[in-house]
Structure formats: C-alpha cells, structure tokens
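First comes the structure, then the notes that go with it.
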Amino acid sequence: MLKVENLRKSFGGVLATDNVSIEFPRESLTAVIGPNGAGKTTFFNLISGAIAPDSGRILLDGEDIAGRRCADIVRRGIGRAFQVSKLFASLTVEESLRAALMSPAGKSLSLRGRFPLPQTRDRAWEVMTQLGLQDKAETVSGNLSHGDQKLLDMALALVLQPKVLLLDEPVAGMGPEEREQMINTVHALWNKGGLTVVLIEHDMEIVFRVSQRIFVLARGALLAEGDADAIRSDPKVIEAYLGKPREPRA
Ligand SMILES: Nc1ncnc2c1ncn2[C@@H]1O[C@H](COP(=O)(O)OP(=O)(O)OP(=O)(O)O)[C@@H](O)[C@H]1O
Ligand SMILES: [Mg+2]
C-alpha cells in the first residue's frame, strides 16, 4: 500500500534521510521512533510532499508520488497531523473542518462528488463526533486547549477521508489524562478499519502498547525494525534511543 524505497534527503551536510526503505501494509498501525533529529519529521515531510527527496521512491498503491505537490498527495489519500499543529486560528472548529473540505485538496474531492458543498457540514460533524470535538464546534480554534488543538489538527486530516494517516507526535505536550484519551482515540480510529496509520512518537510506553511494528531511525538511517519485544531488547536501539540499558519491568 505505502512503500518507501531508498529514500534520501540531505540538508547541506546533514543527511536527514539516509537510504530509508520501509513498507507499511494496508490497515497497519506502525510506529517510527528515534532520538531527536533522527529524521522522523523529515520522513513525513517527504511522504506528504512538503519537501522533495534527493532520490528514492514513495509508492502509494504502486504509484510513485515522490516529489509531487502536497495537495496532489492529499488528494491521493495521504493525510497528516503535525508535530506543531497547523490550524486556522480565527475559525471555529466546525468552520475549520468545512474550510479544509473546500481547500485545494478537499475541493477537488467535492468536485469529484465526494463532498458536495451542503454536505461539508455533515462531514465536519461526523469527524467532530468521531474525535469527541462536537462540544467545541463553535469554539474558535485559537482558544482551544493544547489537547483539543492536536485533536483538531488530526480532524483536519481525517475529514478528507485519507487512506493513510501520518501522525507526528500526537500526544506531545499533553498531560497524562489527555494522552490516554488521545491514544485511545487514535487506536479506535485505526481499529474501525480502512485506515493505515503511521505514528511518530517519543513516548515508548504508547509505542509499545499500540504498534504492530516499529521502525527505529537514527541519524537519518533505519537502525532496527520489529515488534515491541524485539525493539525493547535490541542493544542498538537501547544504545541509540534509550541512551542506557534499562532494567526489565516487573
Ligand atoms: N528544512 C530543513 N532545513 C535544514 N535542516 C533540516 C530541515 N529539516 C530538518 N533538518 C535537519 O534534519 C535533521 C532531522 O530533523 P527532523 O526534524 O526530521 O528530526 P526528528 O526526528 O523529527 O526530530 P524531533 O524528534 O526533534 O522532532 C536534523 O538535523 C534537522 O536539523
Ligand atoms: Mg520531529
């Protein structure tokens, strides 16, 4: 479904993505982890078309989308929530979602008949209800709590009905309760079926709990891959990511 092959991107002397190849099976929930500066966000920037790779392929259902424009990639079914939320600060939650449906990427979906204009309201409400944002429909985005801003950012991607959802640190900056809620929401979304989720996350407890497969990046390159048990006990990962060996949990 989504397959990245020999992807490479450098910024001056920094090789931010170093020959990375990863396959994300349809309807999987995969985590991409790694220390600060490992190249995780760059990896998402390449997939979502925010930046173009120096070389390599990004295959979505067999078609190479590497280097295409963001709106084109959104239209093909890749949605993304950001490490730092990108919102329409002066619009309410409902207005924001309807605006996303009318954006260059969303509007062409409506032109294809998926979202005729009167139905943007229905679709916005569907997603607000799904994410538990319905009580905030009239709240101006800039006035939302940090947690609700992260939810809205995810809603803005989801409203366009993506096949693949890229989440860059969805629980960053949240308190324990909000974290738990957010991760349950993400898990429920994925569990419903139809969505391939790729999660960048620093919280290892969350990563080990929800991901079927984990890929570890370090200095731009793929360091390890496996399930939670394999990653937890991989000496390379412990050294690069956790910094020091950890006592096994009781
Ligand atoms: N637009 C850019 N211009 C120059 N250098 C960049 C750019 N984007 C990323 N980099 C560099 O590429 C490397 C990888 O950065 P990236 O943001 O992808 O890491 P990350 O794994 O997401 O880190 P974090 O965990 O802190 O979010 C870093 O050295 C960063 O400084
Ligand atoms: Mg990042």
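If you're wondering about the labels, chains in the structure tokens are A, B, ... by order shown, residues count from 1 in each chain, ligands from 1 in order shown.
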Could you list, as a PyMOL selection string, all the residues within 9 Å of ligand 2, counting only C-alpha atoms and all ligand atoms?
chain A and resi 36-42+44+82-83+168-169+200-201
Could you build a table of the residues in chain A lying no more than 12 Å from ligand 1, giving for each the nearest pair of atoms and their separation in Å rounded to one decimal place, using only C-alpha atoms and all ligand atoms, ordered by chain and ascending residue number, as a tab-separated table?
```
residue	atom	partner	partner_atom_place_in_ligand_line	distance
A:Arg8	CA	ligand 1	12 (O)	11.5
A:Lys9	CA	ligand 1	12 (O)	8.8
A:Ser10	CA	ligand 1	12 (O)	7.5
A:Phe11	CA	ligand 1	4 (C)	4.9
A:Gly12	CA	ligand 1	4 (C)	7.2
A:Gly13	CA	ligand 1	5 (N)	9.0
A:Val14	CA	ligand 1	29 (O)	6.0
A:Leu15	CA	ligand 1	12 (O)	7.0
A:Ala16	CA	ligand 1	12 (O)	4.4
A:Thr17	CA	ligand 1	14 (C)	7.6
A:Asp18	CA	ligand 1	14 (C)	10.5
A:Val32	CA	ligand 1	21 (O)	9.2
A:Ile33	CA	ligand 1	21 (O)	7.7
A:Gly34	CA	ligand 1	21 (O)	6.2
A:Pro35	CA	ligand 1	25 (O)	5.7
A:Asn36	CA	ligand 1	25 (O)	3.5
A:Gly37	CA	ligand 1	19 (O)	3.4
A:Ala38	CA	ligand 1	21 (O)	3.8
A:Gly39	CA	ligand 1	18 (O)	3.2
A:Lys40	CA	ligand 1	21 (O)	3.7
A:Thr41	CA	ligand 1	22 (O)	3.7
A:Thr42	CA	ligand 1	18 (O)	3.6
A:Phe43	CA	ligand 1	18 (O)	6.4
A:Phe44	CA	ligand 1	18 (O)	8.0
A:Asn45	CA	ligand 1	18 (O)	8.1
A:Leu46	CA	ligand 1	18 (O)	9.8
A:Ala50	CA	ligand 1	1 (N)	9.6
A:Ile51	CA	ligand 1	1 (N)	8.2
A:Ala52	CA	ligand 1	1 (N)	10.9
A:Pro53	CA	ligand 1	1 (N)	11.9
A:Phe82	CA	ligand 1	27 (O)	10.3
A:Gln83	CA	ligand 1	27 (O)	7.2
A:Val84	CA	ligand 1	27 (O)	9.7
A:Leu167	CA	ligand 1	22 (O)	11.6
A:Asp168	CA	ligand 1	22 (O)	8.2
A:Glu169	CA	ligand 1	27 (O)	8.1
A:Pro170	CA	ligand 1	27 (O)	11.7
A:Ala172	CA	ligand 1	27 (O)	10.1
A:Leu199	CA	ligand 1	22 (O)	11.7
A:Ile200	CA	ligand 1	22 (O)	8.3
A:Glu201	CA	ligand 1	25 (O)	8.3
A:His202	CA	ligand 1	25 (O)	7.3
A:Asp203	CA	ligand 1	25 (O)	11.0
A:Val216	CA	ligand 1	21 (O)	10.1
A:Leu217	CA	ligand 1	21 (O)	7.7
A:Ala218	CA	ligand 1	21 (O)	8.0
A:Arg219	CA	ligand 1	14 (C)	7.4
A:Gly220	CA	ligand 1	14 (C)	6.8
A:Ala221	CA	ligand 1	14 (C)	10.5
A:Leu222	CA	ligand 1	21 (O)	11.8
A:Tyr241	CA	ligand 1	25 (O)	10.8
```
Deliver the residues from the most recent selection as a file, using C-alpha atoms, as a PDB file, in the first residue's frame.
```pdb
ATOM      1  CA  ARG A   8      17.346  10.033   0.590  1.00  0.00           C
ATOM      2  CA  LYS A   9      17.318  13.699   1.563  1.00  0.00           C
ATOM      3  CA  SER A  10      20.135  15.921   2.727  1.00  0.00           C
ATOM      4  CA  PHE A  11      20.131  19.486   4.014  1.00  0.00           C
ATOM      5  CA  GLY A  12      23.599  20.841   3.279  1.00  0.00           C
ATOM      6  CA  GLY A  13      25.891  18.418   5.043  1.00  0.00           C
ATOM      7  CA  VAL A  14      23.137  16.782   7.102  1.00  0.00           C
ATOM      8  CA  LEU A  15      21.844  13.519   5.708  1.00  0.00           C
ATOM      9  CA  ALA A  16      18.352  13.716   7.253  1.00  0.00           C
ATOM     10  CA  THR A  17      17.043  10.662   5.373  1.00  0.00           C
ATOM     11  CA  ASP A  18      19.694   8.100   4.563  1.00  0.00           C
ATOM     12  CA  VAL A  32       8.505   5.367  13.610  1.00  0.00           C
ATOM     13  CA  ILE A  33      10.728   6.268  16.532  1.00  0.00           C
ATOM     14  CA  GLY A  34      14.206   7.617  17.109  1.00  0.00           C
ATOM     15  CA  PRO A  35      16.106  10.266  19.054  1.00  0.00           C
ATOM     16  CA  ASN A  36      15.670  13.996  18.431  1.00  0.00           C
ATOM     17  CA  GLY A  37      16.962  14.921  14.995  1.00  0.00           C
ATOM     18  CA  ALA A  38      16.812  11.314  13.755  1.00  0.00           C
ATOM     19  CA  GLY A  39      14.885  12.402  10.665  1.00  0.00           C
ATOM     20  CA  LYS A  40      11.359  11.359  11.655  1.00  0.00           C
ATOM     21  CA  THR A  41       9.585  14.590  10.702  1.00  0.00           C
ATOM     22  CA  THR A  42      11.681  14.849   7.538  1.00  0.00           C
ATOM     23  CA  PHE A  43      10.448  11.373   6.624  1.00  0.00           C
ATOM     24  CA  PHE A  44       6.844  12.615   6.928  1.00  0.00           C
ATOM     25  CA  ASN A  45       7.713  15.814   5.050  1.00  0.00           C
ATOM     26  CA  LEU A  46       8.932  13.674   2.150  1.00  0.00           C
ATOM     27  CA  ALA A  50       6.237  19.208   1.901  1.00  0.00           C
ATOM     28  CA  ILE A  51       9.758  18.608   0.594  1.00  0.00           C
ATOM     29  CA  ALA A  52      11.067  16.620  -2.364  1.00  0.00           C
ATOM     30  CA  PRO A  53      13.533  13.754  -1.895  1.00  0.00           C
ATOM     31  CA  PHE A  82       1.687  17.952  12.502  1.00  0.00           C
ATOM     32  CA  GLN A  83       4.226  17.964  15.348  1.00  0.00           C
ATOM     33  CA  VAL A  84       3.207  21.601  15.830  1.00  0.00           C
ATOM     34  CA  LEU A 167       0.644  11.406  12.973  1.00  0.00           C
ATOM     35  CA  ASP A 168       3.708  13.344  14.131  1.00  0.00           C
ATOM     36  CA  GLU A 169       3.832  13.146  17.941  1.00  0.00           C
ATOM     37  CA  PRO A 170       0.062  13.325  18.557  1.00  0.00           C
ATOM     38  CA  ALA A 172       3.354  15.800  22.611  1.00  0.00           C
ATOM     39  CA  LEU A 199       2.769   7.206  14.213  1.00  0.00           C
ATOM     40  CA  ILE A 200       5.852   9.175  15.226  1.00  0.00           C
ATOM     41  CA  GLU A 201       6.030   9.135  18.995  1.00  0.00           C
ATOM     42  CA  HIS A 202       8.585   9.670  21.746  1.00  0.00           C
ATOM     43  CA  ASP A 203       6.549   8.016  24.488  1.00  0.00           C
ATOM     44  CA  VAL A 216      13.788   2.976  14.509  1.00  0.00           C
ATOM     45  CA  LEU A 217      15.597   5.819  12.762  1.00  0.00           C
ATOM     46  CA  ALA A 218      18.951   7.151  13.932  1.00  0.00           C
ATOM     47  CA  ARG A 219      20.892   9.871  12.110  1.00  0.00           C
ATOM     48  CA  GLY A 220      18.531   9.527   9.176  1.00  0.00           C
ATOM     49  CA  ALA A 221      19.073   5.809   8.647  1.00  0.00           C
ATOM     50  CA  LEU A 222      16.994   2.784   9.576  1.00  0.00           C
ATOM     51  CA  TYR A 241      17.497   5.722  21.541  1.00  0.00           C
TER      52      TYR A 241
END
```
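Nearest to A:Val210 of all the residues A:Leu29, A:Thr196, A:Ile47, A:Glu177 is A:Leu29, based on only C-alpha atoms.
Residues in contact range of A:Thr92, defined as at most 12 Å between only C-alpha atoms, with sequence neighbours fewer than 3 positions away removed, read Leu87, Phe88, Ala89, Glu95, Ser96, Leu97, Arg98, Ala99, Ala124, Met128, Leu133, Gln134, Asp135, Lys136, Ala137, Glu138, Thr139, Val140, Ser141, Gly142, Asn143, Leu144, Gln149 and Leu152 of chain A.
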Taking C-alpha atoms for each residue, export the selection above as a PDB file, in the first residue's frame.
```pdb
ATOM      1  CA  LEU A  87      -4.755  25.418  12.406  1.00  0.00           C
ATOM      2  CA  PHE A  88      -6.929  28.228  11.082  1.00  0.00           C
ATOM      3  CA  ALA A  89      -6.626  30.114  14.398  1.00  0.00           C
ATOM      4  CA  GLU A  95     -15.607  26.280  10.166  1.00  0.00           C
ATOM      5  CA  SER A  96     -12.048  24.914  10.064  1.00  0.00           C
ATOM      6  CA  LEU A  97     -13.190  21.461   9.043  1.00  0.00           C
ATOM      7  CA  ARG A  98     -15.506  22.847   6.391  1.00  0.00           C
ATOM      8  CA  ALA A  99     -12.701  25.086   5.131  1.00  0.00           C
ATOM      9  CA  ALA A 124     -17.476  18.036   9.623  1.00  0.00           C
ATOM     10  CA  MET A 128     -16.090  16.033  15.288  1.00  0.00           C
ATOM     11  CA  LEU A 133     -14.909  17.524  19.456  1.00  0.00           C
ATOM     12  CA  GLN A 134     -18.639  18.118  18.943  1.00  0.00           C
ATOM     13  CA  ASP A 135     -18.990  20.270  22.081  1.00  0.00           C
ATOM     14  CA  LYS A 136     -16.255  22.529  20.677  1.00  0.00           C
ATOM     15  CA  ALA A 137     -17.876  23.032  17.258  1.00  0.00           C
ATOM     16  CA  GLU A 138     -18.409  26.749  17.921  1.00  0.00           C
ATOM     17  CA  THR A 139     -15.093  27.335  19.712  1.00  0.00           C
ATOM     18  CA  VAL A 140     -12.521  29.443  17.889  1.00  0.00           C
ATOM     19  CA  SER A 141      -9.555  27.175  17.165  1.00  0.00           C
ATOM     20  CA  GLY A 142      -7.019  29.537  18.700  1.00  0.00           C
ATOM     21  CA  ASN A 143      -8.898  29.324  22.017  1.00  0.00           C
ATOM     22  CA  LEU A 144      -8.872  25.520  22.229  1.00  0.00           C
ATOM     23  CA  GLN A 149      -5.796  21.714  19.110  1.00  0.00           C
ATOM     24  CA  LEU A 152      -8.445  19.360  15.561  1.00  0.00           C
TER      25      LEU A 152
END
```
Of the candidates A:Leu2, A:Leu151, A:Ala228, A:Ala157, which shows the shortest atom-to-atom distance to A:Arg75, using only C-alpha atoms?
A:Ala157
Got a sec: who's within 10 Å of A:Gln130, counting only C-alpha atoms, leaving out chain neighbours fewer than 4 positions off, as a count of residues only?
9
From the list A:Gly194, A:Pro162, A:Gly56, A:Gly147, which residue is nearest A:Glu27 when using only C-alpha atoms?
A:Gly194
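Distance annotation: of A:Ala71, A:Leu101, A:Leu195, A:Val171, the residue with the minimal separation from A:Pro25 is A:Leu195; atom set is only C-alpha atoms.
Minimum atom-to-atom distances from A:Gly62, A:Pro235, A:Gly79, A:Gly132 to A:Leu156 were compared using only C-alpha atoms, and the lowest value belongs to A:Gly79.
Compared by their closest atoms to A:Asp227, and using only C-alpha atoms, the residues A:Val93, A:Leu59, A:Ala66, A:Ala31 rank with A:Ala31 nearest.
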When DSSP works through the backbone of this structure, what residues of stretch 119-244 of chain A end up as alpha helix (DSSP H), shown as a PyMOL selection string?
chain A and resi 119-131+146-158+176-191+204-210+228-232+235-237
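Atom CA of A:Ser55 lies 28.3 Å from atom CA of A:Gln212.
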Would you compute the distance between atom CA of A:Asn6 and atom CA of A:Arg57? Give it in Å to one decimal.
6.7 Å
List as a VMD selection string the protein and nucleic acid residues near A:Ile73, meaning an atom at most 8 Å away when only C-alpha atoms are counted, but skip any in the same chain fewer than 6 places from it.
chain A and resid 48 to 49 65
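Inside stretch 26-163 of chain A, the residues DSSP reads as strand (DSSP E) when given the backbone are Leu29, Thr30, Ala31, Val32, Ile33, Ser55, Gly56, Arg57, Ile58, Leu59, Leu60, Glu63, Asp64, Ile78, Gly79, Arg80 and Ala81 of chain A.
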